[in-house]
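**Q** One file is attached below, coords.txt, containing compact mmCIF, C-alpha atoms.
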```
# COMPACT_ATOMS: atom_id res chain seq x y z
CA MET A 23 -66.17 -9.26 -68.03
CA MET A 24 -65.35 -9.69 -64.38
CA LYS A 25 -63.20 -12.66 -63.39
CA ALA A 26 -63.28 -15.20 -60.60
CA GLU A 27 -60.45 -13.42 -58.82
CA ASP A 28 -62.56 -10.25 -58.65
CA ILE A 29 -65.20 -11.78 -56.37
CA MET A 30 -63.51 -14.75 -54.71
CA SER A 31 -62.89 -14.86 -50.97
CA LYS A 32 -59.16 -14.76 -50.31
CA GLU A 33 -59.45 -16.01 -46.75
CA VAL A 34 -59.67 -19.77 -47.21
CA VAL A 35 -60.20 -22.08 -44.26
CA THR A 36 -58.53 -25.47 -44.68
CA ILE A 37 -58.64 -28.75 -42.79
CA LYS A 38 -56.70 -32.01 -42.86
CA GLY A 39 -58.35 -35.06 -44.35
CA SER A 40 -57.55 -36.96 -41.16
CA ALA A 41 -59.57 -34.55 -39.01
CA THR A 42 -62.94 -35.64 -37.69
CA VAL A 43 -66.20 -34.36 -39.15
CA ALA A 44 -66.90 -32.87 -35.70
CA GLU A 45 -63.79 -30.71 -36.10
CA ALA A 46 -64.95 -29.68 -39.56
CA ILE A 47 -68.35 -28.66 -38.18
CA THR A 48 -66.67 -26.55 -35.49
CA LEU A 49 -64.49 -24.78 -38.07
CA MET A 50 -67.49 -24.03 -40.28
CA LYS A 51 -69.48 -22.63 -37.36
CA ASN A 52 -66.60 -20.51 -36.06
CA HIS A 53 -65.96 -18.95 -39.48
CA GLY A 54 -69.57 -18.79 -40.64
CA ILE A 55 -68.87 -20.80 -43.79
CA ARG A 56 -70.27 -23.91 -45.48
CA ALA A 57 -67.21 -25.52 -47.05
CA LEU A 58 -63.60 -26.26 -46.21
CA ILE A 59 -60.69 -26.93 -48.53
CA ILE A 60 -58.68 -30.06 -47.77
CA GLU A 61 -55.00 -29.51 -47.06
CA ARG A 62 -52.81 -31.26 -49.64
CA CYS A 63 -50.36 -33.95 -48.55
CA HIS A 64 -47.72 -32.72 -51.02
CA GLU A 65 -47.36 -30.20 -53.84
CA TYR A 66 -48.55 -32.67 -56.48
CA ASP A 67 -51.57 -33.78 -54.49
CA ALA A 68 -55.04 -32.92 -55.81
CA TYR A 69 -57.26 -30.38 -54.09
CA GLY A 70 -60.28 -31.60 -52.16
CA ILE A 71 -63.31 -30.01 -50.53
CA VAL A 72 -65.82 -30.93 -47.84
CA SER A 73 -69.13 -29.09 -47.54
CA GLU A 74 -72.05 -28.77 -45.19
CA THR A 75 -74.04 -30.79 -47.73
CA ASP A 76 -71.51 -33.65 -47.52
CA ILE A 77 -71.95 -33.73 -43.76
CA ILE A 78 -75.75 -33.73 -43.95
CA TYR A 79 -76.06 -36.34 -46.70
CA LYS A 80 -73.19 -38.64 -45.73
CA VAL A 81 -73.12 -38.43 -41.94
CA THR A 82 -76.29 -36.98 -40.41
CA ALA A 83 -78.63 -38.81 -42.79
CA TYR A 84 -77.21 -42.14 -41.67
CA GLY A 85 -77.21 -41.32 -37.96
CA LYS A 86 -73.42 -41.51 -37.76
CA SER A 87 -71.45 -39.70 -35.09
CA PRO A 88 -69.40 -36.76 -36.48
CA ARG A 89 -66.72 -37.65 -33.92
CA GLN A 90 -66.26 -41.09 -35.42
CA VAL A 91 -66.16 -40.15 -39.11
CA ARG A 92 -63.05 -38.67 -40.75
CA VAL A 93 -63.17 -35.91 -43.31
CA PHE A 94 -61.43 -38.03 -45.96
CA GLU A 95 -64.37 -40.45 -45.82
CA ILE A 96 -66.86 -37.87 -47.09
CA MET A 97 -64.80 -35.25 -48.95
CA SER A 98 -64.76 -34.73 -52.73
CA LYS A 99 -61.24 -35.26 -54.07
CA PRO A 100 -60.13 -34.33 -56.61
CA CYS A 101 -62.59 -31.47 -56.76
CA ILE A 102 -63.38 -28.97 -59.49
CA ILE A 103 -61.02 -26.00 -59.36
CA ILE A 104 -61.48 -22.55 -60.87
CA ASN A 105 -58.84 -20.53 -62.71
CA PRO A 106 -58.71 -16.96 -61.33
CA ASP A 107 -58.87 -15.57 -64.88
CA LEU A 108 -62.10 -17.40 -65.71
CA GLY A 109 -65.00 -15.04 -66.44
CA ILE A 110 -67.85 -14.97 -63.90
CA GLU A 111 -70.39 -16.01 -66.54
CA TYR A 112 -68.41 -19.18 -67.22
CA VAL A 113 -68.02 -19.88 -63.50
CA ALA A 114 -71.80 -19.55 -63.13
CA LYS A 115 -72.38 -21.90 -66.04
CA MET A 116 -69.94 -24.45 -64.60
CA PHE A 117 -71.71 -24.35 -61.23
CA ALA A 118 -75.08 -24.77 -62.92
CA ASN A 119 -73.91 -27.70 -65.07
CA THR A 120 -72.13 -29.60 -62.30
CA GLY A 121 -74.47 -28.81 -59.41
CA ILE A 122 -71.63 -27.68 -57.12
CA HIS A 123 -71.96 -24.54 -55.01
CA THR A 124 -68.33 -23.87 -54.02
CA ALA A 125 -64.88 -24.39 -55.55
CA PRO A 126 -61.29 -23.42 -54.78
CA VAL A 127 -59.60 -20.86 -57.01
CA VAL A 128 -56.20 -22.19 -58.02
CA GLN A 129 -53.32 -21.08 -60.21
CA GLY A 130 -50.21 -22.92 -59.14
CA GLU A 131 -51.32 -22.41 -55.54
CA LEU A 132 -54.54 -21.94 -53.61
CA LEU A 133 -55.58 -18.31 -54.12
CA GLY A 134 -59.12 -18.26 -52.77
CA ILE A 135 -62.55 -19.82 -52.83
CA ILE A 136 -65.65 -18.89 -54.83
CA SER A 137 -69.29 -19.83 -54.27
CA VAL A 138 -72.75 -19.41 -55.74
CA THR A 139 -73.40 -16.84 -53.02
CA ASP A 140 -70.43 -14.75 -54.20
CA ILE A 141 -71.91 -14.59 -57.68
CA LEU A 142 -75.43 -13.83 -56.49
CA THR A 143 -74.61 -11.19 -53.89
CA LYS A 144 -71.85 -9.07 -55.45
CA ASN A 145 -73.56 -5.83 -56.43
CA ASP A 146 -71.38 -5.10 -59.44
CA ILE A 147 -71.83 -8.45 -61.18
CA VAL A 148 -73.67 -8.39 -64.50
CA ASP A 149 -77.14 -9.94 -64.63
CA SER A 150 -76.54 -12.80 -67.08
CA PRO A 151 -74.56 -15.08 -64.70
CA LYS A 152 -77.22 -14.50 -62.06
CA ALA A 153 -79.95 -15.47 -64.51
CA ILE A 154 -78.07 -18.67 -65.34
CA LEU A 155 -77.76 -19.57 -61.67
CA PHE A 156 -81.30 -18.65 -60.73
CA GLU A 157 -82.82 -20.80 -63.46
CA GLU A 158 -80.45 -23.76 -63.65
CA VAL A 159 -79.08 -24.14 -60.12
CA ILE A 160 -82.50 -23.86 -58.52
CA GLN A 161 -83.92 -26.41 -60.97
CA LYS A 162 -81.09 -28.84 -60.21
CA ALA A 163 -81.61 -28.33 -56.48
CA VAL A 164 -85.32 -29.13 -56.86
CA GLU A 165 -84.56 -32.31 -58.82
CA GLU A 166 -81.98 -33.35 -56.23
CA ALA A 167 -84.41 -32.73 -53.36
CA ARG A 168 -87.09 -34.85 -55.03
CA THR A 169 -84.64 -37.70 -55.57
CA ILE A 170 -83.35 -37.55 -51.99
CA CYS A 171 -86.84 -37.50 -50.50
CA ALA A 172 -87.88 -40.45 -52.66
CA ILE A 173 -84.90 -42.43 -51.34
CA TYR A 174 -84.84 -41.41 -47.67
CA GLY A 175 -88.49 -40.50 -47.12
CA ALA A 176 -90.34 -37.20 -46.86
CA SER A 177 -89.93 -37.04 -43.07
CA SER A 178 -86.16 -37.67 -43.06
CA LYS A 179 -83.63 -35.05 -41.96
CA VAL A 180 -81.82 -35.25 -45.28
CA CYS A 181 -85.05 -34.55 -47.17
CA THR A 182 -85.75 -31.51 -45.01
CA ALA A 183 -82.21 -30.24 -45.52
CA ALA A 184 -82.51 -30.65 -49.29
CA TRP A 185 -85.69 -28.56 -49.45
CA ASP A 186 -84.14 -25.98 -47.09
CA ALA A 187 -81.36 -25.55 -49.66
CA VAL A 188 -83.95 -25.02 -52.40
CA GLU A 189 -85.81 -22.43 -50.33
CA GLU A 190 -82.58 -20.57 -49.61
CA LEU A 191 -81.73 -20.31 -53.31
CA GLN A 192 -85.28 -19.18 -54.11
CA ALA A 193 -85.06 -16.54 -51.37
CA GLN A 194 -81.80 -15.26 -52.86
CA ALA A 195 -83.45 -15.06 -56.27
CA ILE A 196 -86.39 -13.05 -54.89
CA HIS A 197 -84.05 -10.73 -53.00
CA GLN A 198 -81.93 -10.14 -56.09
CA LYS A 199 -84.99 -9.33 -58.23
CA ALA A 200 -86.15 -6.84 -55.61
CA GLU A 201 -82.73 -5.17 -55.58
CA ASN A 202 -82.79 -4.91 -59.38
CA ILE A 203 -86.20 -3.21 -59.30
CA ILE A 204 -85.05 -0.69 -56.68
CA SER A 205 -81.82 -0.04 -58.60
CA THR A 206 -83.70 0.51 -61.87
CA LYS A 207 -86.17 2.91 -60.25
CA ALA A 208 -83.37 4.89 -58.59
CA SER A 209 -81.49 5.19 -61.89
CA PHE A 210 -84.63 6.44 -63.67
CA GLU A 211 -85.30 9.01 -60.97
CA GLU A 212 -81.73 10.29 -61.27
CA TYR A 213 -82.19 10.56 -65.06
CA CYS A 214 -85.44 12.51 -64.65
CA ALA A 215 -83.88 14.83 -62.10
CA ALA A 216 -81.27 15.75 -64.72
CA ASN A 217 -83.79 15.77 -67.60
CA PRO A 218 -87.11 17.01 -66.14
CA ASP A 219 -88.49 18.00 -69.56
CA ALA A 220 -88.01 14.56 -71.12
CA PRO A 221 -91.42 13.15 -72.24
CA GLU A 222 -91.00 9.92 -70.31
CA CYS A 223 -90.19 11.86 -67.15
CA ARG A 224 -93.25 14.07 -67.44
CA ILE A 225 -95.43 10.96 -67.76
CA TYR A 226 -93.62 9.35 -64.82
CA TYR A 227 -94.21 12.28 -62.50
CA GLU A 228 -97.83 12.71 -63.66
CA ASP A 229 -98.48 9.11 -62.69
```
Starting from the coordinates I provided, produce the structure as structure tokens.
**A**
Amino acid sequence: MMKAEDIMSKEVVTIKGSATVAEAITLMKNHGIRALIIERCHEYDAYGIVSETDIIYKVTAYGKSPRQVRVFEIMSKPCIIINPDLGIEYVAKMFANTGIHTAPVVQGELLGIISVTDILTKNDIVDSPKAILFEEVIQKAVEEARTICAIYGASSKVCTAAWDAVEELQAQAIHQKAENIISTKASFEEYCAANPDAPECRIYYED
């Protein structure tokens, strides 16, 4: 079984809790990422994280200025951390059960960061973690979107953002299924090329 360390991103972008949300947004845009790890105040301090979702739900939804809100006001701390030796299937299950999409990978020190996207897009990951995420994470995202829209209204920015997140996960699921079909067909064609007299191959080529 592959481990978290096998697919995590080793380049982790961090930010101080005292920084403004505007600074966090700039960092995310510049690096093309959706979450930042909070720099610890000391070696015994807990790890924290701030995500694009935090900004949308806790700042944008309330019409607050990102320049006037500090990261520590909206961050999650302590946050869930992942052991680098944890199997991918268990990471997927943890994400599905908790509803989080990103977590730092820690073993004594910050080693990397892992996300739902890492699990869904790595080509050499087994299918079972993907199945867990596709079914459970998408369902949780749908439930969350319904709750948010009921609270803030169907025309609110936060409601739109919530359904955008659902659509993105659904698009990833469709893309992954398409890749699996193409991969399966290619593997079968390679098998038939090596075994042209096999009954199943004769039927395949006749069709």
**Q** So how far away is atom CA of Val93 of chain A from atom CA of Thr42 of chain A, in Å?
**A** 5.6 Å
**Q** Looking at A:Gly39, A:Gly134, A:Pro126, A:Gly121, which one is nearest to Ile96 of chain A, with distances taken over all atoms listed in the file?
**A** A:Gly39
**Q** Could you work out how far atom CA of Ser87 of chain A lies from atom CA of Glu165 of chain A, giving the answer in Å with one decimal?
**A**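 Between atom CA of Glu165 of chain A and atom CA of Ser87 of chain A the gap is 28.1 Å.
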**Q** Hey, can you check how far atom CA of Arg56 of chain A sits from atom CA of Ala193 of chain A?
**A**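 Atom-to-atom, atom CA of Arg56 of chain A to atom CA of Ala193 of chain A, that is 17.5 Å.
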**Q** I'd like the neighbourhood of Ala163 of chain A as a ChimeraX atom specification, where a residue qualifies if any of its atoms comes within 12 Å (using only C-alpha atoms), though same-chain residues fewer than 5 positions away should be ignored.
**A** /A:75,117-123,155-158,168-170,181,183-192
**Q** Check the smallest atom-to-atom distance from each of A:Ile104, A:Ala41, A:Glu74, A:Ile173 to Glu131 of chain A using all atoms listed in the file, then report the winner.
**A** A:Ile104
**Q** I'd like the contact shell of Gly85 of chain A - 12 Å cut-off, all atoms listed in the file, skipping same-chain residues fewer than 5 positions apart - returned as number ranges by chain.
**A** A: 77-80, 90-91, 178-180
**Q** With distances taken over all atoms listed in the file, which of A:Gln161, A:Met116, A:Ile110, A:Ile59 is nearest to Ser98 of chain A?
**A** A:Ile59
**Q** Here is a test: counting only C-alpha atoms, which residue of A:Ile47, A:Val127, A:Ala167, A:Ala114 is nearest to Val34 of chain A?
**A**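 Of A:Ile47, A:Val127, A:Ala167, A:Ala114, the one nearest Val34 of chain A is A:Val127, counting only C-alpha atoms.
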**Q** Near Asn105 of chain A, within 8 Å and counting all atoms listed in the file, which residues show up once chain neighbours fewer than 2 positions away are dropped, as a ChimeraX atom specification?
**A** /A:26,103,107-108,127-129
**Q** Which residue out of A:Ile29, A:Ile135, A:Lys115, A:Arg92 has the minimum interatomic distance to Leu58 of chain A when all atoms listed in the file are used?
**A**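 Nearest to Leu58 of chain A: A:Ile135.
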**Q** Any idea what's packed within 9 Å of Leu49 of chain A, counting all atoms listed in the file, ignoring anything in its chain fewer than 3 positions away? Could you give it as a ChimeraX atom specification?
**A** /A:35-37,44-46,52-55,58
**Q** Using all atoms listed in the file for the distances, tell me which of A:Lys32, A:Ala125, A:Ile141, A:Ile160 is nearest to Gly70 of chain A.
**A** A:Ala125
